[in-house]
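Text of coords04.cif, listed as mmCIF, C-alpha atoms and all ligand atoms:
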```cif
data_model
loop_
_atom_site.label_atom_id
_atom_site.label_comp_id
_atom_site.auth_asym_id
_atom_site.auth_seq_id
_atom_site.Cartn_x
_atom_site.Cartn_y
_atom_site.Cartn_z
CA MET F 1 -4.23 -77.92 -51.11
CA SER F 2 -6.92 -80.26 -49.81
CA TRP F 3 -7.25 -84.03 -50.15
CA GLU F 4 -9.46 -86.78 -48.82
CA VAL F 5 -8.76 -90.42 -48.00
CA ARG F 6 -11.17 -93.14 -49.11
CA PRO F 7 -11.03 -96.74 -50.34
CA CYS F 8 -10.94 -97.55 -54.06
CA THR F 9 -14.04 -98.74 -55.88
CA SER F 10 -12.57 -100.06 -59.15
CA ALA F 11 -9.42 -101.51 -60.69
CA ASP F 12 -8.83 -98.15 -62.40
CA GLU F 13 -8.85 -96.46 -59.03
CA VAL F 14 -6.43 -99.09 -57.69
CA CYS F 15 -4.14 -98.32 -60.62
CA ALA F 16 -4.22 -94.64 -59.63
CA ALA F 17 -3.82 -95.43 -55.92
CA VAL F 18 -0.66 -97.47 -56.40
CA SER F 19 0.92 -95.04 -58.89
CA PRO F 20 2.60 -93.09 -56.02
CA ILE F 21 4.60 -96.17 -54.95
CA TRP F 22 5.27 -97.03 -58.61
CA HIS F 23 6.86 -93.57 -58.87
CA TYR F 24 9.55 -94.85 -56.49
CA PHE F 25 9.95 -98.01 -58.62
CA GLY F 26 10.84 -95.66 -61.49
CA ARG F 27 7.55 -96.09 -63.35
CA SER F 28 4.45 -93.90 -63.60
CA GLU F 29 2.00 -96.77 -62.99
CA PRO F 30 1.78 -100.57 -62.98
CA THR F 31 1.56 -102.43 -66.28
CA ALA F 32 -1.78 -104.04 -67.11
CA ASP F 33 -0.21 -107.40 -66.15
CA GLN F 34 1.05 -106.12 -62.77
CA LEU F 35 -2.34 -104.56 -62.01
CA GLU F 36 -4.19 -107.75 -62.91
CA ARG F 37 -1.92 -109.82 -60.65
CA LEU F 38 -2.39 -107.37 -57.80
CA THR F 39 -6.16 -107.11 -58.00
CA ARG F 40 -6.53 -110.90 -58.15
CA VAL F 41 -5.30 -111.10 -54.57
CA MET F 42 -6.24 -107.66 -53.24
CA PRO F 43 -9.88 -106.57 -53.39
CA CYS F 44 -10.26 -102.95 -54.60
CA GLU F 45 -11.78 -101.80 -51.32
CA ARG F 46 -8.62 -102.95 -49.49
CA VAL F 47 -6.67 -100.15 -51.19
CA HIS F 48 -7.01 -96.71 -49.62
CA ALA F 49 -5.95 -93.62 -51.52
CA ALA F 50 -5.59 -89.94 -50.80
CA TRP F 51 -7.28 -88.00 -53.57
CA ASP F 52 -6.93 -84.34 -54.50
CA LYS F 53 -8.28 -82.61 -57.56
CA SER F 54 -5.44 -84.01 -59.70
CA GLY F 55 -6.14 -87.65 -58.72
CA ALA F 56 -4.50 -90.05 -56.28
CA VAL F 57 -1.47 -88.59 -54.50
CA GLY F 58 -0.94 -91.37 -51.96
CA GLY F 59 -2.02 -94.97 -51.45
CA ALA F 60 -1.84 -97.95 -49.09
CA GLY F 61 -3.16 -101.49 -49.55
CA ALA F 62 -3.79 -104.52 -47.36
CA PHE F 63 -3.87 -108.18 -48.41
CA PRO F 64 -6.44 -110.20 -46.45
CA PHE F 65 -4.18 -112.84 -44.88
CA GLU F 66 -4.53 -115.72 -42.47
CA LEU F 67 -1.35 -115.29 -40.47
CA THR F 68 0.19 -118.06 -38.39
CA VAL F 69 0.83 -117.02 -34.78
CA PRO F 70 2.02 -119.27 -31.95
CA GLY F 71 -0.65 -121.95 -31.62
CA GLY F 72 -3.06 -120.81 -34.34
CA ARG F 73 -3.95 -118.45 -37.14
CA VAL F 74 -5.47 -114.95 -37.13
CA CYS F 75 -7.07 -112.77 -39.78
CA ALA F 76 -4.40 -110.19 -40.53
CA ALA F 77 -3.81 -107.31 -42.92
CA GLY F 78 -0.66 -107.68 -45.02
CA VAL F 79 0.12 -104.02 -45.59
CA THR F 80 1.77 -103.10 -48.91
CA VAL F 81 2.00 -100.62 -51.83
CA VAL F 82 2.36 -97.69 -49.43
CA GLY F 83 3.48 -94.49 -51.12
CA VAL F 84 2.94 -90.74 -51.22
CA LEU F 85 4.04 -88.70 -54.24
CA PRO F 86 7.13 -86.54 -53.65
CA THR F 87 4.98 -83.52 -54.54
CA HIS F 88 2.78 -84.21 -51.49
CA ARG F 89 5.13 -85.68 -48.89
CA ARG F 90 5.26 -84.60 -45.22
CA ARG F 91 1.75 -83.15 -45.11
CA GLY F 92 0.25 -85.93 -43.06
CA ILE F 93 -1.05 -88.03 -45.97
CA LEU F 94 0.58 -91.27 -44.83
CA THR F 95 -0.69 -90.63 -41.31
CA ALA F 96 -4.24 -90.26 -42.64
CA LEU F 97 -3.89 -93.40 -44.80
CA MET F 98 -2.61 -95.43 -41.84
CA LYS F 99 -5.47 -94.26 -39.67
CA ALA F 100 -8.11 -95.12 -42.27
CA GLN F 101 -6.49 -98.48 -42.96
CA LEU F 102 -6.26 -99.51 -39.30
CA GLU F 103 -9.85 -98.47 -38.65
CA ALA F 104 -10.96 -100.55 -41.67
CA CYS F 105 -8.94 -103.56 -40.41
CA ARG F 106 -10.59 -103.27 -37.02
CA GLU F 107 -14.06 -103.17 -38.58
CA ARG F 108 -13.25 -106.29 -40.61
CA GLY F 109 -12.08 -108.17 -37.54
CA GLU F 110 -8.42 -108.24 -38.56
CA SER F 111 -6.77 -108.06 -35.16
CA VAL F 112 -3.23 -107.77 -36.52
CA ALA F 113 -1.54 -105.82 -39.34
CA TYR F 114 1.97 -106.58 -40.52
CA LEU F 115 4.36 -105.51 -43.22
CA TRP F 116 7.86 -105.30 -44.63
CA ALA F 117 9.18 -101.75 -44.24
CA THR F 118 11.38 -100.23 -46.93
CA GLU F 119 12.73 -97.92 -44.23
CA ASP F 120 12.88 -98.74 -40.55
CA THR F 121 11.93 -95.19 -39.55
CA ILE F 122 8.44 -95.12 -41.01
CA TYR F 123 6.05 -97.36 -39.09
CA GLY F 124 6.92 -97.16 -35.39
CA ARG F 125 4.88 -93.98 -35.03
CA PHE F 126 1.82 -95.90 -36.21
CA GLY F 127 2.24 -98.61 -33.57
CA TYR F 128 4.23 -101.20 -35.53
CA GLY F 129 7.08 -102.95 -33.69
CA VAL F 130 9.93 -105.02 -35.19
CA ALA F 131 8.55 -108.55 -34.97
CA SER F 132 11.33 -110.59 -36.56
CA PHE F 133 14.79 -110.48 -37.95
CA THR F 134 15.40 -111.72 -41.46
CA ALA F 135 18.66 -113.31 -42.55
CA GLU F 136 20.59 -113.64 -45.78
CA ILE F 137 23.51 -115.78 -46.82
CA GLU F 138 26.10 -115.71 -49.57
CA VAL F 139 28.13 -118.89 -49.46
CA PRO F 140 31.01 -120.06 -51.68
CA LEU F 141 29.85 -123.46 -52.85
CA ASP F 142 33.27 -125.07 -52.40
CA ARG F 143 32.99 -124.28 -48.66
CA SER F 144 29.43 -125.48 -48.22
CA ARG F 145 29.78 -129.12 -47.17
CA TYR F 146 27.68 -130.40 -44.29
CA SER F 147 29.48 -131.27 -41.07
CA ALA F 148 28.27 -134.89 -41.13
CA PRO F 149 28.01 -137.18 -44.17
CA PHE F 150 24.60 -136.64 -45.74
CA GLU F 151 22.65 -139.50 -47.30
CA PRO F 152 20.72 -138.18 -50.32
CA LEU F 153 16.96 -138.34 -49.89
CA GLY F 154 14.33 -139.13 -52.52
CA GLU F 155 14.29 -138.02 -56.13
CA ALA F 156 14.63 -134.42 -57.33
CA ARG F 157 12.49 -133.44 -60.29
CA LEU F 158 12.39 -130.17 -62.25
CA VAL F 159 8.84 -128.97 -62.84
CA PRO F 160 7.68 -125.92 -64.85
CA PRO F 161 6.87 -123.37 -62.12
CA MET F 162 3.40 -122.55 -63.42
CA SER F 163 2.46 -126.27 -63.23
CA ALA F 164 3.96 -126.82 -59.79
CA GLU F 165 1.14 -125.58 -57.55
CA SER F 166 -0.38 -128.96 -56.75
CA LEU F 167 3.06 -130.30 -55.74
CA VAL F 168 4.47 -127.37 -53.78
CA ALA F 169 1.38 -125.78 -52.19
CA PRO F 170 0.83 -128.64 -49.70
CA ILE F 171 4.49 -128.39 -48.59
CA TRP F 172 4.16 -124.63 -48.06
CA GLU F 173 0.98 -125.19 -46.09
CA ARG F 174 2.54 -127.84 -43.84
CA VAL F 175 5.42 -125.47 -43.06
CA ALA F 176 3.28 -122.32 -42.88
CA VAL F 177 0.76 -123.66 -40.43
CA GLN F 178 3.47 -124.19 -37.82
CA THR F 179 5.64 -121.15 -38.56
CA PRO F 180 4.63 -117.81 -37.02
CA GLY F 181 4.92 -115.09 -39.63
CA MET F 182 3.90 -117.24 -42.62
CA PHE F 183 0.45 -116.89 -44.15
CA ALA F 184 -1.87 -119.28 -45.99
CA ARG F 185 -1.36 -118.96 -49.75
CA SER F 186 -4.51 -119.16 -51.86
CA SER F 187 -4.45 -120.70 -55.33
CA ASP F 188 -4.70 -117.15 -56.72
CA TRP F 189 -1.63 -116.22 -54.71
CA TRP F 190 0.33 -119.12 -56.21
CA GLN F 191 -0.83 -118.33 -59.74
CA ALA F 192 -0.59 -114.54 -59.58
CA ARG F 193 2.34 -113.98 -57.21
CA ALA F 194 4.49 -116.95 -56.22
CA LEU F 195 4.95 -118.96 -59.42
CA PRO F 196 4.94 -116.48 -62.33
CA ASP F 197 8.34 -115.31 -63.50
CA PRO F 198 7.89 -111.99 -65.30
CA ASP F 199 11.02 -110.37 -66.75
CA TRP F 200 11.02 -107.48 -64.28
CA ARG F 201 11.49 -109.91 -61.40
CA ARG F 202 14.62 -111.51 -62.84
CA GLN F 203 16.79 -108.40 -62.48
CA GLY F 204 19.32 -109.76 -64.94
CA GLY F 205 19.22 -113.30 -63.51
CA GLY F 206 18.14 -116.54 -65.13
CA GLU F 207 14.63 -117.95 -65.44
CA MET F 208 13.02 -119.15 -62.23
CA ARG F 209 13.25 -122.93 -61.91
CA CYS F 210 11.27 -125.17 -59.62
CA VAL F 211 12.69 -128.38 -58.18
CA VAL F 212 10.52 -130.77 -56.20
CA LEU F 213 11.96 -133.47 -53.98
CA GLU F 214 9.82 -136.59 -53.75
CA VAL F 215 10.09 -139.59 -51.46
CA ASP F 216 8.19 -142.64 -52.71
CA GLY F 217 6.36 -140.31 -55.09
CA ALA F 218 5.25 -137.87 -52.37
CA PRO F 219 6.57 -134.27 -52.50
CA VAL F 220 8.45 -133.40 -49.29
CA ALA F 221 10.49 -130.32 -50.25
CA TYR F 222 10.81 -127.78 -53.03
CA ALA F 223 12.89 -124.84 -54.14
CA LEU F 224 12.34 -121.94 -56.52
CA TYR F 225 15.68 -120.66 -57.74
CA ARG F 226 17.60 -118.98 -60.55
CA ILE F 227 20.88 -119.81 -62.20
CA ASN F 228 22.80 -116.57 -62.65
CA VAL F 229 25.62 -117.64 -64.91
CA ALA F 230 28.88 -115.67 -65.15
CA TRP F 231 32.48 -116.36 -66.14
CA ASP F 232 35.83 -114.69 -65.59
CA ARG F 233 38.71 -115.94 -67.82
CA GLY F 234 37.11 -119.34 -68.09
CA MET F 235 36.36 -119.67 -64.37
CA GLN F 236 32.83 -119.81 -63.06
CA THR F 237 31.78 -116.82 -60.98
CA GLY F 238 28.01 -117.28 -61.24
CA SER F 239 25.54 -117.86 -58.45
CA VAL F 240 22.46 -119.80 -57.52
CA GLY F 241 19.82 -117.29 -56.42
CA VAL F 242 17.31 -118.94 -54.10
CA VAL F 243 13.82 -117.48 -54.31
CA GLU F 244 12.39 -119.80 -51.67
CA ALA F 245 13.20 -123.28 -50.40
CA MET F 246 11.63 -125.42 -47.73
CA GLY F 247 10.95 -128.99 -46.67
CA ASP F 248 8.30 -130.52 -44.46
CA SER F 249 10.86 -132.24 -42.19
CA ALA F 250 14.43 -131.64 -41.07
CA ARG F 251 15.75 -134.31 -43.50
CA ALA F 252 13.75 -132.92 -46.41
CA THR F 253 14.97 -129.37 -45.68
CA ALA F 254 18.60 -130.51 -45.47
CA ALA F 255 18.18 -132.42 -48.74
CA ILE F 256 16.69 -129.56 -50.74
CA TRP F 257 19.49 -127.22 -49.58
CA ARG F 258 22.08 -129.86 -50.47
CA TYR F 259 20.59 -129.93 -53.98
CA LEU F 260 20.91 -126.13 -54.24
CA LEU F 261 24.46 -126.11 -52.86
CA ASP F 262 25.59 -128.81 -55.32
CA VAL F 263 24.54 -127.23 -58.63
CA ASP F 264 27.51 -127.46 -61.03
CA TRP F 265 29.13 -124.40 -62.63
CA MET F 266 28.12 -122.08 -59.80
CA ALA F 267 30.61 -120.32 -57.54
CA ARG F 268 28.19 -119.09 -54.87
CA LEU F 269 24.68 -119.44 -53.53
CA ARG F 270 22.75 -116.40 -52.41
CA ALA F 271 19.53 -116.57 -50.40
CA ILE F 272 17.57 -113.81 -48.71
CA PHE F 273 14.55 -113.73 -46.39
CA LEU F 274 15.65 -116.69 -44.28
CA PRO F 275 14.63 -117.19 -40.64
CA VAL F 276 17.31 -116.38 -38.05
CA ASP F 277 17.17 -119.96 -36.77
CA HIS F 278 17.73 -121.49 -40.22
CA PRO F 279 19.04 -125.07 -39.93
CA LEU F 280 21.91 -124.42 -42.37
CA LEU F 281 23.74 -122.64 -39.55
CA LEU F 282 24.22 -125.95 -37.76
CA LEU F 283 24.17 -128.22 -40.83
CA VAL F 284 27.28 -126.85 -42.52
CA ALA F 285 30.84 -127.58 -41.44
CA GLU F 286 31.89 -123.94 -41.87
CA PRO F 287 29.07 -121.69 -40.63
CA ARG F 288 31.26 -118.60 -40.95
CA ARG F 289 31.36 -119.15 -44.72
CA LEU F 290 27.61 -118.65 -44.93
CA ARG F 291 28.24 -114.93 -44.27
CA PHE F 292 24.98 -115.03 -42.36
CA GLY F 293 23.70 -111.46 -41.99
CA VAL F 294 20.58 -110.19 -40.25
CA ARG F 295 18.42 -107.09 -40.31
CA ASP F 296 14.92 -106.13 -39.21
CA GLY F 297 12.30 -108.21 -41.01
CA LEU F 298 8.57 -108.14 -40.28
CA TRP F 299 6.92 -105.21 -38.50
CA LEU F 300 3.69 -106.02 -36.72
CA ARG F 301 0.90 -104.03 -35.12
CA LEU F 302 -1.83 -105.26 -32.82
CA VAL F 303 -4.95 -103.65 -34.30
CA ASP F 304 -7.17 -105.05 -31.57
CA VAL F 305 -5.09 -105.90 -28.51
CA GLY F 306 -7.75 -108.01 -26.79
CA ALA F 307 -8.60 -110.10 -29.87
CA ALA F 308 -4.99 -110.50 -31.01
CA LEU F 309 -3.68 -111.60 -27.62
CA SER F 310 -6.64 -113.97 -27.18
CA ALA F 311 -5.94 -115.57 -30.57
CA ARG F 312 -2.47 -116.90 -29.79
CA ALA F 313 -1.47 -119.74 -27.51
CA TYR F 314 0.77 -119.41 -24.45
CA ALA F 315 3.42 -121.79 -23.13
CA ALA F 316 2.42 -121.10 -19.50
CA PRO F 317 -0.99 -120.26 -18.00
CA GLY F 318 -0.21 -116.75 -16.68
CA PRO F 319 -1.89 -114.39 -16.04
CA VAL F 320 0.03 -111.17 -16.45
CA VAL F 321 -1.50 -107.69 -16.37
CA ILE F 322 -0.16 -105.29 -18.99
CA GLU F 323 -0.90 -101.58 -19.26
CA VAL F 324 -0.80 -100.68 -22.94
CA VAL F 325 -0.10 -97.19 -24.27
CA ASP F 326 -1.47 -96.68 -27.79
CA ARG F 327 -1.89 -93.09 -28.93
CA PHE F 328 -2.58 -93.90 -32.58
CA CYS F 329 -5.34 -96.47 -31.87
CA PRO F 330 -6.75 -95.26 -28.54
CA TRP F 331 -9.26 -98.15 -28.38
CA ASN F 332 -6.34 -100.32 -27.27
CA GLN F 333 -5.25 -98.11 -24.39
CA GLY F 334 -5.63 -99.50 -20.90
CA ARG F 335 -4.98 -102.57 -18.76
CA TRP F 336 -5.21 -106.06 -20.16
CA GLN F 337 -5.11 -109.33 -18.29
CA VAL F 338 -3.43 -111.90 -20.53
CA SER F 339 -3.70 -115.62 -19.80
CA ASP F 340 -4.08 -118.88 -21.69
CA HIS F 341 -7.85 -118.57 -21.12
CA GLY F 342 -7.98 -115.34 -23.13
CA THR F 343 -7.25 -111.65 -22.78
CA LYS F 344 -9.67 -109.20 -21.22
CA ARG F 345 -9.76 -105.67 -19.90
CA THR F 346 -9.12 -105.36 -16.17
CA ASP F 347 -8.84 -102.84 -13.35
CA ALA F 348 -6.14 -104.90 -11.63
CA THR F 349 -2.79 -103.33 -10.76
CA PRO F 350 -0.57 -103.43 -13.85
CA GLU F 351 2.59 -105.55 -13.72
CA LEU F 352 4.09 -104.41 -17.01
CA ARG F 353 3.67 -101.13 -18.86
CA CYS F 354 4.62 -100.73 -22.52
CA ASP F 355 3.80 -99.06 -25.78
CA VAL F 356 1.77 -101.12 -28.27
CA THR F 357 4.92 -101.39 -30.44
CA ALA F 358 6.48 -103.60 -27.74
CA LEU F 359 3.56 -106.02 -28.00
CA GLY F 360 4.17 -106.16 -31.76
CA SER F 361 7.75 -107.28 -31.07
CA VAL F 362 6.84 -110.17 -28.74
CA TYR F 363 3.61 -111.25 -30.42
CA LEU F 364 5.07 -113.80 -32.86
CA GLY F 365 7.83 -114.84 -30.46
CA GLY F 366 10.59 -113.04 -32.35
CA PHE F 367 11.73 -111.12 -29.27
CA THR F 368 11.41 -111.68 -25.56
CA TRP F 369 10.09 -109.44 -22.81
CA ALA F 370 13.58 -109.63 -21.31
CA GLN F 371 14.99 -108.14 -24.52
CA LEU F 372 12.35 -105.40 -24.39
CA GLY F 373 13.40 -104.72 -20.81
CA GLN F 374 17.06 -104.47 -21.77
CA ALA F 375 16.07 -102.01 -24.51
CA LEU F 376 14.01 -99.89 -22.06
CA ARG F 377 10.81 -100.66 -23.97
CA VAL F 378 8.88 -102.10 -21.05
CA ASP F 379 8.54 -101.02 -17.42
CA GLU F 380 8.47 -103.92 -14.98
CA LEU F 381 6.10 -102.66 -12.30
CA ARG F 382 6.10 -105.90 -10.31
CA PRO F 383 9.36 -107.86 -9.84
CA GLY F 384 9.30 -111.14 -11.76
CA ALA F 385 6.61 -110.02 -14.21
CA ILE F 386 9.00 -110.00 -17.18
CA ALA F 387 10.11 -113.58 -16.47
CA ARG F 388 6.48 -114.68 -16.06
CA ALA F 389 5.48 -113.00 -19.33
CA ASP F 390 8.41 -114.68 -21.07
CA SER F 391 7.38 -118.10 -19.80
CA MET F 392 3.99 -117.43 -21.45
CA PHE F 393 5.02 -115.80 -24.74
CA ARG F 394 7.93 -118.17 -25.48
CA ALA F 395 7.78 -119.75 -28.96
CA ASP F 396 9.84 -122.70 -30.17
CA ARG F 397 10.81 -121.29 -33.56
CA ALA F 398 11.70 -117.87 -34.92
CA PRO F 399 9.06 -116.04 -36.97
CA TRP F 400 9.63 -116.38 -40.69
CA CYS F 401 8.05 -114.96 -43.80
CA PRO F 402 9.89 -116.21 -46.90
CA GLU F 403 8.60 -113.51 -49.24
CA VAL F 404 8.18 -109.77 -49.31
CA PHE F 405 4.56 -108.98 -50.04
C1 LIG A 501 7.24 -92.85 -46.47
C2 LIG A 501 6.13 -91.99 -47.07
C3 LIG A 501 4.95 -92.89 -47.43
C4 LIG A 501 5.72 -90.96 -46.03
O1 LIG A 501 4.56 -90.27 -46.47
P1 LIG A 501 4.21 -88.79 -45.91
O2 LIG A 501 2.84 -88.47 -46.39
O3 LIG A 501 5.30 -87.87 -46.24
O4 LIG A 501 4.18 -89.06 -44.34
P2 LIG A 501 3.51 -88.09 -43.24
O5 LIG A 501 3.50 -86.67 -43.77
O6 LIG A 501 2.20 -88.63 -42.81
O7 LIG A 501 4.59 -88.23 -42.09
C5 LIG A 501 4.26 -88.63 -40.81
C6 LIG A 501 5.49 -88.54 -39.97
O8 LIG A 501 6.40 -89.55 -40.37
C7 LIG A 501 7.66 -88.99 -40.67
N1 LIG A 501 8.18 -89.74 -41.81
C8 LIG A 501 7.50 -90.05 -42.91
N2 LIG A 501 8.30 -90.77 -43.73
C9 LIG A 501 9.47 -90.90 -43.13
C10 LIG A 501 10.68 -91.52 -43.49
N3 LIG A 501 10.83 -92.16 -44.66
N4 LIG A 501 11.71 -91.47 -42.62
C11 LIG A 501 11.54 -90.82 -41.43
N5 LIG A 501 10.42 -90.21 -41.05
C12 LIG A 501 9.39 -90.25 -41.89
C13 LIG A 501 7.37 -87.56 -41.03
O9 LIG A 501 8.50 -86.76 -40.84
C14 LIG A 501 6.26 -87.24 -40.08
O10 LIG A 501 6.80 -86.95 -38.79
P3 LIG A 501 6.13 -85.88 -37.82
O11 LIG A 501 4.73 -86.39 -37.58
O12 LIG A 501 7.01 -85.94 -36.62
O13 LIG A 501 6.17 -84.61 -38.56
C15 LIG A 501 6.60 -91.27 -48.35
O14 LIG A 501 7.69 -90.45 -48.05
C16 LIG A 501 6.98 -92.21 -49.47
O15 LIG A 501 6.16 -92.55 -50.29
N6 LIG A 501 8.28 -92.63 -49.49
C17 LIG A 501 8.78 -93.51 -50.54
C18 LIG A 501 8.07 -94.84 -50.61
C19 LIG A 501 8.11 -95.61 -49.31
O16 LIG A 501 9.11 -95.68 -48.64
N7 LIG A 501 6.98 -96.23 -48.99
C20 LIG A 501 6.87 -97.12 -47.84
C21 LIG A 501 6.88 -98.51 -48.35
S1 LIG A 501 6.96 -99.70 -47.03
#
```
Could you render the structure as structure tokens?
Amino acid sequence: MSWEVRPCTSADEVCAAVSPIWHYFGRSEPTADQLERLTRVMPCERVHAAWDKSGAVGGAGAFPFELTVPGGRVCAAGVTVVGVLPTHRRRGILTALMKAQLEACRERGESVAYLWATEDTIYGRFGYGVASFTAEIEVPLDRSRYSAPFEPLGEARLVPPMSAESLVAPIWERVAVQTPGMFARSSDWWQARALPDPDWRRQGGGEMRCVVLEVDGAPVAYALYRINVAWDRGMQTGSVGVVEAMGDSARATAAIWRYLLDVDWMARLRAIFLPVDHPLLLLVAEPRRLRFGVRDGLWLRLVDVGAALSARAYAAPGPVVIEVVDRFCPWNQGRWQVSDHGTKRTDATPELRCDVTALGSVYLGGFTWAQLGQALRVDELRPGAIARADSMFRADRAPWCPEVF
């Protein structure tokens, strides 16, 4: 059976191209509403599909993102809706889609691609490395007090989510611009993705609510959350489900979480997709009660090693010479001299040697070169090179992406 990979040219083709992943959601294709929301933020040509005579049998899309990296932002592909029909699996279709997608990213000048993986075994072979951990908590609210008395801050106000963009978008942007892993949200993204609350997203929970915390009339923090009410013999067993919550300062962040932890009638609070350095860990008196759990989060690939490494800032001048192995994107293979003046090809003797996946792990600052060394993912060819690279790549906060895209 033969098939060819090419980008979509219409919304109808996008509908066909994403139907393989919808198969795994238990549906044959997206609803008209889901398709409209997707195509508002993903141009048709950013969706590649594998076509055979029956139609699309595999697909992969990429959101055009501006991703925050240490010290700046880069054009990045936010890879999503990846699927191959079970009738066509393990014939190399995903491999062909990944190749076409990465070549298209390179042509567009997107030096980085990143994604959330539904399985941790899929993307390493295509050059993606684990770039962050993501955390979740499930805390009994009667064990959630802060360790020090907390003075309430500002005024909390409930706002209909679809009217909240002008209040919450500036807060997101202030946080996003200094948090590696977060991306700039367009107005379309707010209106099509972040603020709507279609039934299928509730999964049995309550409506999504939006609370905005204002100080002297200026929004400083917000939360999107659900009340999931439940009772057992007259006792509350329900939970607050946090969709996303953030503040533009430490006080504002502590205050918005205090609001969420103090909702009456609820037994627990559950939040997912938190950064591993979330301030709640040190704010609460009983950190064990958070049941803070971590797993792999973002996976990131350097599409263009020279451009990507030049685009981020470094905490020390360097340089360090890295020999990169990249079989899937051979244009990246070779020796690179990385310094705070930029990254360029070099003939100099390499000091570190690693696969491109290792660069994906250190790029946002989620892992250190020392950790890569301990995991046998980098060869230190000159003593001290790992420590020097770490002094350069060090970042002062953990990468965070609050939503799965
Ligand atoms: C994951 C998926 C896209 C793979 O598509 P595919 O066309 O079968 O992949 P390929 O044939 O190109 O496989 C390439 C290689 O990856 C391996 N591989 C693919 N999917 C894998 C998985 N889920 N776990 C482990 N290995 C996997 C294959 O065994 C193959 O290895 P090989 O080159 O050593 O033979 C497909 O199985 C699928 O749609 N799964 C369900 C949806 C999903 O998980 N999508 C990803 C969303 S992030």
- Task: Find the residues near ligand LIG 501 (chain A). Use a cut-off of 9 Å, count only C-alpha atoms and all ligand atoms, and write them as an MDAnalysis selection string.
- Result: chainID F and resid 20:25 58:60 79:86 88:98 115:123 125:126
Tell me, counting all atoms listed in the file, for each residue of segment 264-284 of chain F within 10 Å of segment 233-246 of chain F, which pair of atoms is nearest and how far apart they are in Å to one decimal, in rows ordered by chain and increasing number, as CSV.
```
residue,atom,partner,partner_atom,distance
F:Asp264,CA,F:Gln236,CA,9.5
F:Trp265,CA,F:Gln236,CA,5.9
F:Met266,CA,F:Gly238,CA,5.0
F:Ala267,CA,F:Thr237,CA,5.0
F:Arg268,CA,F:Ser239,CA,4.6
F:Leu269,CA,F:Val240,CA,4.6
F:Arg270,CA,F:Gly241,CA,5.0
F:Ala271,CA,F:Val242,CA,4.9
F:Ile272,CA,F:Val242,CA,7.4
F:Phe273,CA,F:Glu244,CA,8.3
F:Leu274,CA,F:Glu244,CA,8.7
```
- Looking at F:Val69, F:Thr9, F:Gly26, F:Tyr128, which one is nearest to Val47 of chain F, with distances taken over only C-alpha atoms? F:Thr9
- Message: For Gly373 of chain F, find every residue with an atom within 10 Å (counting only C-alpha atoms), except residues of its own chain fewer than 4 positions away, and show them as a PyMOL selection string.
- Response: chain F and resi 354+358+368-369+377-380+386
- From the set F:Arg201, F:Thr357, F:Leu280, F:Glu107, which residue has the shortest atom-to-atom contact distance to Leu261 of chain F, counting all atoms listed in the file?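 When distances to Leu261 of chain F are compared using all atoms listed in the file, the smallest one comes from F:Leu280.
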- Query: How many Å lie between atom CA of Arg301 of chain F and atom CA of Ala113 of chain F, rounded to one decimal?
  - Reply: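 So the two atoms, atom CA of Arg301 of chain F and atom CA of Ala113 of chain F, lie 5.2 Å apart.
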- Item | Selected residue, from F:Thr179, F:Arg108, F:Ala194, F:Leu141, that lies nearest to Ser163 of chain F when counting all atoms listed in the file |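 The shortest atom-to-atom distance to Ser163 of chain F comes from F:Ala194.
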- Message: Nearest residue to Val220 of chain F out of F:Trp190, F:Trp172, F:Trp400, F:Tyr259, using only C-alpha atoms?
- Response: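 Nearest to Val220 of chain F: F:Trp172.
Computed from the coordinates, the atom CA of Ile256 of chain F to atom CA of Pro279 of chain F distance equals 11.9 Å.
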Output, as AutoDock Vina command-line options, the centre and edge lengths in Å (one decimal) of the axis-aligned box that contains all listed atoms of segment 318-336 of chain F with 4 Å of margin on each side.
```
--center_x -4.6 --center_y -104.9 --center_z -24.3 --size_x 17.3 --size_y 31.7 --size_z 24.5
```
- Task: Work out how far apart atom CA of Ala223 of chain F and atom CA of Arg209 of chain F are and give it in Å to one decimal.
- Result: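 About the pair atom CA of Ala223 of chain F and atom CA of Arg209 of chain F: they are 8.0 Å apart.
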- Message: Please determine, counting all atoms listed in the file, which residue among F:Leu67, F:Ala62, F:Leu213, F:Ala389 has the shortest atom-to-atom distance to Ala184 of chain F.
- Response: F:Leu67
- Determine, counting all atoms listed in the file, which protein, DNA and RNA residues have an atom within 7 Å of an atom of Ser19 of chain F; residues of the same chain fewer than 3 positions away are not included. Present the result as a PyMOL selection string. chain F and resi 15-16+22-23+28-30
Generate the output file for the selected residues, C-alpha atoms, as a PDB file, in the coordinates of the input.
```
ATOM      1  CA  CYS F  15      -4.140 -98.320 -60.620  1.00  0.00           C
ATOM      2  CA  ALA F  16      -4.220 -94.640 -59.630  1.00  0.00           C
ATOM      3  CA  TRP F  22       5.270 -97.030 -58.610  1.00  0.00           C
ATOM      4  CA  HIS F  23       6.860 -93.570 -58.870  1.00  0.00           C
ATOM      5  CA  SER F  28       4.450 -93.900 -63.600  1.00  0.00           C
ATOM      6  CA  GLU F  29       2.000 -96.770 -62.990  1.00  0.00           C
ATOM      7  CA  PRO F  30       1.780-100.570 -62.980  1.00  0.00           C
TER       8      PRO F  30
END
```
- Message: My list of candidates is F:Trp189, F:Trp336, F:Phe328, F:Phe183. Which is closest to Arg40 of chain F when distances are computed with only C-alpha atoms?
- Response: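 Ranking F:Trp189, F:Trp336, F:Phe328, F:Phe183 by distance to Arg40 of chain F, first place goes to F:Trp189.
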- Message: Can you pull out the residues contacting Leu298 of chain F? Cut-off 9 Å, using only C-alpha atoms, and skip same-chain residues under 2 positions away; I want them as a VMD selection string.
- Response: chain F and resid 114 to 117 129 to 134 181 296 300 399 to 401
